[in-house]
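A.B. asks: If you scroll down you'll find the structure; I have some questions about it.
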Amino acid sequence: MDNLMLDGGFADPVMQAQQGFRALMDALANPGTIQQLALGLTPPAPLTPELAAVLLTLCDHDTGVWLEPDLATEAVTGWLRFHIGSPLNVARDQAQFAVLRDSNTLQLNGFSLGTDIYPDRSTTVIVAVPALSGGDALVLKGPGIEHSVEISPLGLPGDFLEQWAENRAQFPRGVDLLLVADGAVIGLPRTTRISGKDA
Amino acid sequence: MSLIPSYNFAYLDEQTKRMIRRSILKAIAIPGYQVPFASREMPMPYGWGTGGVQVTAAIIGPSDVLKVIDQGADDTTNAVSIRAFFAKVANVATTTHTADATIIQTRHRIPERPLQAGQVLVYQVPIPEPLRFLEPRETETRKMHALEEYGLMHVKLYEDIAKHGQIATTYAYPVKVEGRYVMDPSPTPKFDNPKMHMSPALQLFGAGREMRIYAVPPFTEVVSLDFEDHPFEIQHFTQPCALCAATGVYLDEVILDDHGGHMFVCSDTDNCEERRAQGHRGHLSGEELEAAE
Ligand SMILES: [Zn+2]
């Protein structure tokens with residue numbers, strides 16, 4: 001175990017986890033708003049600081065985490081074992097948290113949707129995108145949004161709207177999505193209705 | 001002697017906080033659905049709202065300003081103790097002013113002053129399951145929620161109408177959230193139900209003994225159950241607050257003497273004090289009240 005593995009976590013675990021959680025809570029309670037999630041983490045690449053911030057805030061040995069295969073390098077898995085201690089070898093459809101770096105190939109199906117009786121037992125999908133703005137405009141409506149709100153994240157797959165509509169149709173089952181980039185996060189809970197700007 | 005406190009920030013250990021935080025996020029994603037959580041023992045009895053205390057402990061940070069109310073009042077033993085608890089274990093600022101608070105923990109009332117975006121209202125909930133009195137078995141109520149089987153609930157309310165000519169439920173009046181889950185708003189008076197609808201504030205509910213967390217995100221539909229021929233109505237008071245003359249607020253009856261003397265005053269003490277500070281006077285305010293005492 002080298003020092004690189006031990007370094008790069010929270011400098012002040014209690015306060016930074018609280019700060020990270022409030023960002024995530026505000027993001028999911030107010031879908032489409034951009035919440036600051038810059039907590040000074042320096043995880044080994046290709047794990048990004050924002051992905052690491054979500055994991056260190058919410059995960060521990062009680063949470064199964066699925067890593068996109070390209071993310072599951074020895075350096076990353078070693079670092080996560082030290083900092084969160086979560087099982088990292090869980091199946092896609094068993095994961096409480098799923099972590100993806102290649103947003104263009106995002107596939108929402110295959111993760112856990114929860115059950116009709118326990119819809120909370122679904123995967124929270126955390127996706128690093130190239131940027132939270134600069135892409136095509138998406139219009140969001142639903143709980144947490146007074147009228148409607150626009151976001152324009154870069155790097156989502158071409159069929160994202162269809163995938164999301166399919167997820168939305170399973171309600172109350174469904175995955176919840178966190179998009180992260182540039183020290184910030186956007187939350188998309190399963191309740192959010194998303195359409196293209198011209199729709 | 002070391003002065004390092006023997007408890008963690010906000011009392012709960014970090015693993016417990018993470019578990020509660022994960023439950024809160026799922027609760028927000030499924031408005032009105034009761035997320036199970038592994039409730040912890042708190043240094044106070046269950047009747048003191050340990051569910052609400054755990055939710056507050058999991059979300060609170062050093063820059064928060066906390067208000068705690070009990071039946072609308074900031075100065076009851078319960079409210080004072082919970083406020084003192086967080087002032088000590090989280091070193092947060094506290095307030096009695098609704099407008100200044102970032103987190104408001106409440107037992108049985110929603111403040112009269114409209115809540116704002118960014119505020120969080122944390123409810124202490126004794127019985128989170130609105131279907132419990134119809135069906136004692138947890139496995140069955142879970143199924144009823146899963147299947148949206150809410151017919152029995154309507155039958156119960158309709159029996160009220162048959163018996164009393166109106167829906168007799170005045171507290172914990174059931175609501176439907178975002179057209180899907182029937183939810184217990186906690187034992188608030190039904191007077192407060194409309195305040196939950198499309199509120200700019202985030203509403204979180206914690207039931208300690210029953211180990212549930214549920215949520216209503218900001219700007220979410222909250223509709224009180226009713227019937228076309230018997231629409232939902234809030235309580236109306238025939239007189240204004242005796243101290244501040246407020247109308248359209250929830251009033252408590254206060255007994256003044258042994259001879260049947262009584263008055264109706266604001267349940268929300270902060271709102272009442274603020275109105276009096278602005279110069280509003282009720283018929284028993286000032287000298288008249290002191291004479292009555
Ligand atoms: Zn008053």
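Order determines the names: the first chain of the structure tokens is A, the second B, and so forth; residues in each chain are numbered 1 upward, and ligands are numbered 1 upward as they are shown.
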Dump as a PyMOL selection string the residues of chain A that approach chain B to within 6 Å, counting only C-alpha atoms.
C.D. replies: chain A and resi 29+58+116-117+120+143-146+189
A.B. asks: Would you output that residue set with all heavy atoms, as a PDB file, in the first residue's frame?
C.D. replies:
ATOM      1  N   ALA A  29     -33.392  17.644  -4.551  1.00  0.00           N
ATOM      2  CA  ALA A  29     -34.621  18.324  -4.156  1.00  0.00           C
ATOM      3  C   ALA A  29     -34.973  19.447  -5.136  1.00  0.00           C
ATOM      4  O   ALA A  29     -36.126  19.857  -5.219  1.00  0.00           O
ATOM      5  CB  ALA A  29     -34.489  18.892  -2.740  1.00  0.00           C
ATOM      6  N   LEU A  58     -21.376   9.299   0.526  1.00  0.00           N
ATOM      7  CA  LEU A  58     -22.524   8.404   0.750  1.00  0.00           C
ATOM      8  C   LEU A  58     -22.190   6.942   0.987  1.00  0.00           C
ATOM      9  O   LEU A  58     -23.030   6.189   1.476  1.00  0.00           O
ATOM     10  CB  LEU A  58     -23.480   8.490  -0.463  1.00  0.00           C
ATOM     11  CG  LEU A  58     -24.155   9.831  -0.717  1.00  0.00           C
ATOM     12  CD1 LEU A  58     -25.013   9.743  -1.979  1.00  0.00           C
ATOM     13  CD2 LEU A  58     -25.005  10.261   0.478  1.00  0.00           C
ATOM     14  N   ASP A 116     -41.709  -2.873  -6.517  1.00  0.00           N
ATOM     15  CA  ASP A 116     -42.947  -2.119  -6.286  1.00  0.00           C
ATOM     16  C   ASP A 116     -43.113  -1.833  -4.795  1.00  0.00           C
ATOM     17  O   ASP A 116     -43.597  -0.770  -4.411  1.00  0.00           O
ATOM     18  CB  ASP A 116     -44.160  -2.910  -6.782  1.00  0.00           C
ATOM     19  CG  ASP A 116     -44.203  -2.944  -8.303  1.00  0.00           C
ATOM     20  OD1 ASP A 116     -43.729  -1.969  -8.928  1.00  0.00           O
ATOM     21  OD2 ASP A 116     -44.692  -3.939  -8.863  1.00  0.00           O
ATOM     22  N   ILE A 117     -42.716  -2.798  -3.967  1.00  0.00           N
ATOM     23  CA  ILE A 117     -42.876  -2.637  -2.517  1.00  0.00           C
ATOM     24  C   ILE A 117     -41.758  -1.760  -1.945  1.00  0.00           C
ATOM     25  O   ILE A 117     -41.983  -0.945  -1.068  1.00  0.00           O
ATOM     26  CB  ILE A 117     -42.890  -4.023  -1.838  1.00  0.00           C
ATOM     27  CG1 ILE A 117     -44.055  -4.812  -2.421  1.00  0.00           C
ATOM     28  CG2 ILE A 117     -42.916  -3.902  -0.314  1.00  0.00           C
ATOM     29  CD1 ILE A 117     -44.931  -5.549  -1.489  1.00  0.00           C
ATOM     30  N   ASP A 120     -37.231   2.200  -3.119  1.00  0.00           N
ATOM     31  CA  ASP A 120     -36.009   2.895  -2.701  1.00  0.00           C
ATOM     32  C   ASP A 120     -34.770   2.029  -2.932  1.00  0.00           C
ATOM     33  O   ASP A 120     -33.651   2.545  -2.912  1.00  0.00           O
ATOM     34  CB  ASP A 120     -36.092   3.279  -1.217  1.00  0.00           C
ATOM     35  CG  ASP A 120     -36.379   2.086  -0.322  1.00  0.00           C
ATOM     36  OD1 ASP A 120     -37.410   1.407  -0.544  1.00  0.00           O
ATOM     37  OD2 ASP A 120     -35.581   1.814   0.597  1.00  0.00           O
ATOM     38  N   PRO A 143     -41.548  17.408  -9.550  1.00  0.00           N
ATOM     39  CA  PRO A 143     -41.322  17.805  -8.165  1.00  0.00           C
ATOM     40  C   PRO A 143     -39.963  18.493  -7.986  1.00  0.00           C
ATOM     41  O   PRO A 143     -38.972  18.071  -8.579  1.00  0.00           O
ATOM     42  CB  PRO A 143     -41.359  16.470  -7.405  1.00  0.00           C
ATOM     43  CG  PRO A 143     -42.219  15.591  -8.245  1.00  0.00           C
ATOM     44  CD  PRO A 143     -41.940  16.000  -9.655  1.00  0.00           C
ATOM     45  N   GLY A 144     -39.951  19.559  -7.188  1.00  0.00           N
ATOM     46  CA  GLY A 144     -38.715  20.293  -6.953  1.00  0.00           C
ATOM     47  C   GLY A 144     -38.530  21.454  -7.920  1.00  0.00           C
ATOM     48  O   GLY A 144     -37.609  22.250  -7.764  1.00  0.00           O
ATOM     49  N   ILE A 145     -39.395  21.516  -8.945  1.00  0.00           N
ATOM     50  CA  ILE A 145     -39.264  22.548  -9.981  1.00  0.00           C
ATOM     51  C   ILE A 145     -40.575  23.324 -10.029  1.00  0.00           C
ATOM     52  O   ILE A 145     -41.642  22.733 -10.223  1.00  0.00           O
ATOM     53  CB  ILE A 145     -38.994  21.897 -11.355  1.00  0.00           C
ATOM     54  CG1 ILE A 145     -37.727  21.041 -11.290  1.00  0.00           C
ATOM     55  CG2 ILE A 145     -38.898  22.965 -12.446  1.00  0.00           C
ATOM     56  CD1 ILE A 145     -37.579  20.082 -12.456  1.00  0.00           C
ATOM     57  N   GLU A 146     -40.510  24.651  -9.833  1.00  0.00           N
ATOM     58  CA  GLU A 146     -41.748  25.422  -9.749  1.00  0.00           C
ATOM     59  C   GLU A 146     -42.507  25.403 -11.073  1.00  0.00           C
ATOM     60  O   GLU A 146     -43.680  25.091 -11.114  1.00  0.00           O
ATOM     61  CB  GLU A 146     -41.448  26.860  -9.305  1.00  0.00           C
ATOM     62  CG  GLU A 146     -42.726  27.643  -9.057  1.00  0.00           C
ATOM     63  CD  GLU A 146     -42.478  28.987  -8.407  1.00  0.00           C
ATOM     64  OE1 GLU A 146     -41.302  29.423  -8.344  1.00  0.00           O
ATOM     65  OE2 GLU A 146     -43.461  29.607  -7.954  1.00  0.00           O
ATOM     66  N   PRO A 189     -33.721  13.173 -10.137  1.00  0.00           N
ATOM     67  CA  PRO A 189     -34.449  12.071  -9.517  1.00  0.00           C
ATOM     68  C   PRO A 189     -35.414  11.461 -10.539  1.00  0.00           C
ATOM     69  O   PRO A 189     -35.745  12.102 -11.538  1.00  0.00           O
ATOM     70  CB  PRO A 189     -35.204  12.752  -8.377  1.00  0.00           C
ATOM     71  CG  PRO A 189     -35.344  14.180  -8.800  1.00  0.00           C
ATOM     72  CD  PRO A 189     -34.126  14.482  -9.623  1.00  0.00           C
TER      73      PRO A 189
END
A.B. asks: Might you pull out every residue within 9 Å of stretch 227-229 of chain B, with only C-alpha atoms counted and same-chain residues fewer than 2 positions away left off, and present them as a list in words?
C.D. replies: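 In the requested format, the answer is His154, Tyr158, Leu225, Pro231 and Phe232 of chain B.
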A.B. asks: From the set A:Pro69, A:Pro172, A:Gly135, A:Gly78, which residue has the shortest atom-to-atom contact distance to A:Val99, counting only C-alpha atoms?
C.D. replies: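 Checking each of A:Pro69, A:Pro172, A:Gly135, A:Gly78 against A:Val99, counting only C-alpha atoms, the winner is A:Pro69.
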A.B. asks: Check which residues fall inside 7 Å of ligand 1 when counting only C-alpha atoms and all ligand atoms, and print them as a list in words.
C.D. replies: Cys241, Ala242, Leu243, Cys244, Ala245, Ala246, Val265, Cys266, Asn271 and Cys272 of chain B
A.B. asks: Could the residues in this selection be saved with C-alpha atoms as an mmCIF file, in the first residue's frame?
C.D. replies:
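Generated output (result22.cif):
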data_model
loop_
_atom_site.group_PDB
_atom_site.id
_atom_site.type_symbol
_atom_site.label_atom_id
_atom_site.label_comp_id
_atom_site.auth_asym_id
_atom_site.auth_seq_id
_atom_site.Cartn_x
_atom_site.Cartn_y
_atom_site.Cartn_z
ATOM 1 C CA CYS B 241 -56.184 36.114 18.113
ATOM 2 C CA ALA B 242 -56.839 37.779 21.475
ATOM 3 C CA LEU B 243 -53.269 39.086 21.615
ATOM 4 C CA CYS B 244 -52.411 40.207 18.077
ATOM 5 C CA ALA B 245 -55.801 40.230 16.306
ATOM 6 C CA ALA B 246 -54.531 37.925 13.573
ATOM 7 C CA VAL B 265 -54.465 32.962 20.824
ATOM 8 C CA CYS B 266 -52.041 32.179 18.005
ATOM 9 C CA ASN B 271 -45.769 34.930 14.436
ATOM 10 C CA CYS B 272 -47.865 36.361 17.263
#
A.B. asks: When DSSP works through the backbone of this structure, what residues of chain A end up as alpha helix (DSSP H), shown as an MDAnalysis selection string?
C.D. replies: chainID A and resid 3:6 13:29 49:58 74:83 160:169
A.B. asks: Could you take the residues named above and write them with C-alpha atoms, as a compact mmCIF listing (two decimals), in the first residue's frame?
C.D. replies:
# COMPACT_ATOMS: atom_id res chain seq x y z
CA ASN A 3 0.93 6.73 0.13
CA LEU A 4 -0.90 7.63 -3.05
CA MET A 5 -3.60 5.28 -1.95
CA LEU A 6 -3.95 6.90 1.47
CA PRO A 13 -14.18 14.01 6.81
CA VAL A 14 -17.06 15.04 9.10
CA MET A 15 -17.57 18.56 7.80
CA GLN A 16 -16.84 17.77 4.16
CA ALA A 17 -19.23 14.83 4.12
CA GLN A 18 -21.92 17.14 5.51
CA GLN A 19 -21.11 19.72 2.84
CA GLY A 20 -21.16 17.07 0.13
CA PHE A 21 -24.44 15.66 1.36
CA ARG A 22 -26.16 19.05 1.40
CA ALA A 23 -25.04 19.59 -2.20
CA LEU A 24 -26.54 16.23 -3.19
CA MET A 25 -29.72 16.82 -1.18
CA ASP A 26 -30.18 20.26 -2.73
CA ALA A 27 -29.43 18.83 -6.18
CA LEU A 28 -32.07 16.09 -5.92
CA ALA A 29 -34.62 18.32 -4.16
CA PRO A 49 -12.82 14.44 -7.97
CA GLU A 50 -16.61 14.84 -8.30
CA LEU A 51 -17.28 11.10 -8.62
CA ALA A 52 -15.04 10.58 -5.61
CA ALA A 53 -16.90 13.30 -3.68
CA VAL A 54 -20.24 11.51 -4.11
CA LEU A 55 -18.75 8.14 -3.16
CA LEU A 56 -16.93 9.41 -0.07
CA THR A 57 -20.04 11.28 1.05
CA LEU A 58 -22.52 8.40 0.75
CA GLU A 74 -6.05 -1.23 -9.65
CA ALA A 75 -5.25 2.29 -8.48
CA VAL A 76 -8.91 3.33 -8.34
CA THR A 77 -10.21 0.18 -6.66
CA GLY A 78 -7.34 0.28 -4.14
CA TRP A 79 -8.06 3.94 -3.36
CA LEU A 80 -11.80 3.30 -2.94
CA ARG A 81 -11.22 0.24 -0.75
CA PHE A 82 -9.20 2.41 1.59
CA HIS A 83 -11.49 5.47 1.58
CA PHE A 160 -30.88 9.84 -23.54
CA LEU A 161 -34.41 11.29 -23.71
CA GLU A 162 -35.86 7.89 -24.72
CA GLN A 163 -33.89 6.13 -22.01
CA TRP A 164 -35.06 8.62 -19.42
CA ALA A 165 -38.69 8.42 -20.53
CA GLU A 166 -38.50 4.64 -20.11
CA ASN A 167 -37.06 5.11 -16.61
CA ARG A 168 -39.74 7.69 -15.77
CA ALA A 169 -42.46 5.29 -16.91
A.B. asks: Determine, counting only C-alpha atoms, which protein, DNA and RNA residues have an atom within 7 Å of an atom of stretch 104-115 of chain A; residues of the same chain fewer than 2 positions away are not included. Present the result as an MDAnalysis selection string.
C.D. replies: chainID A and resid 92:95 102 117:123 155:157 163 173:175
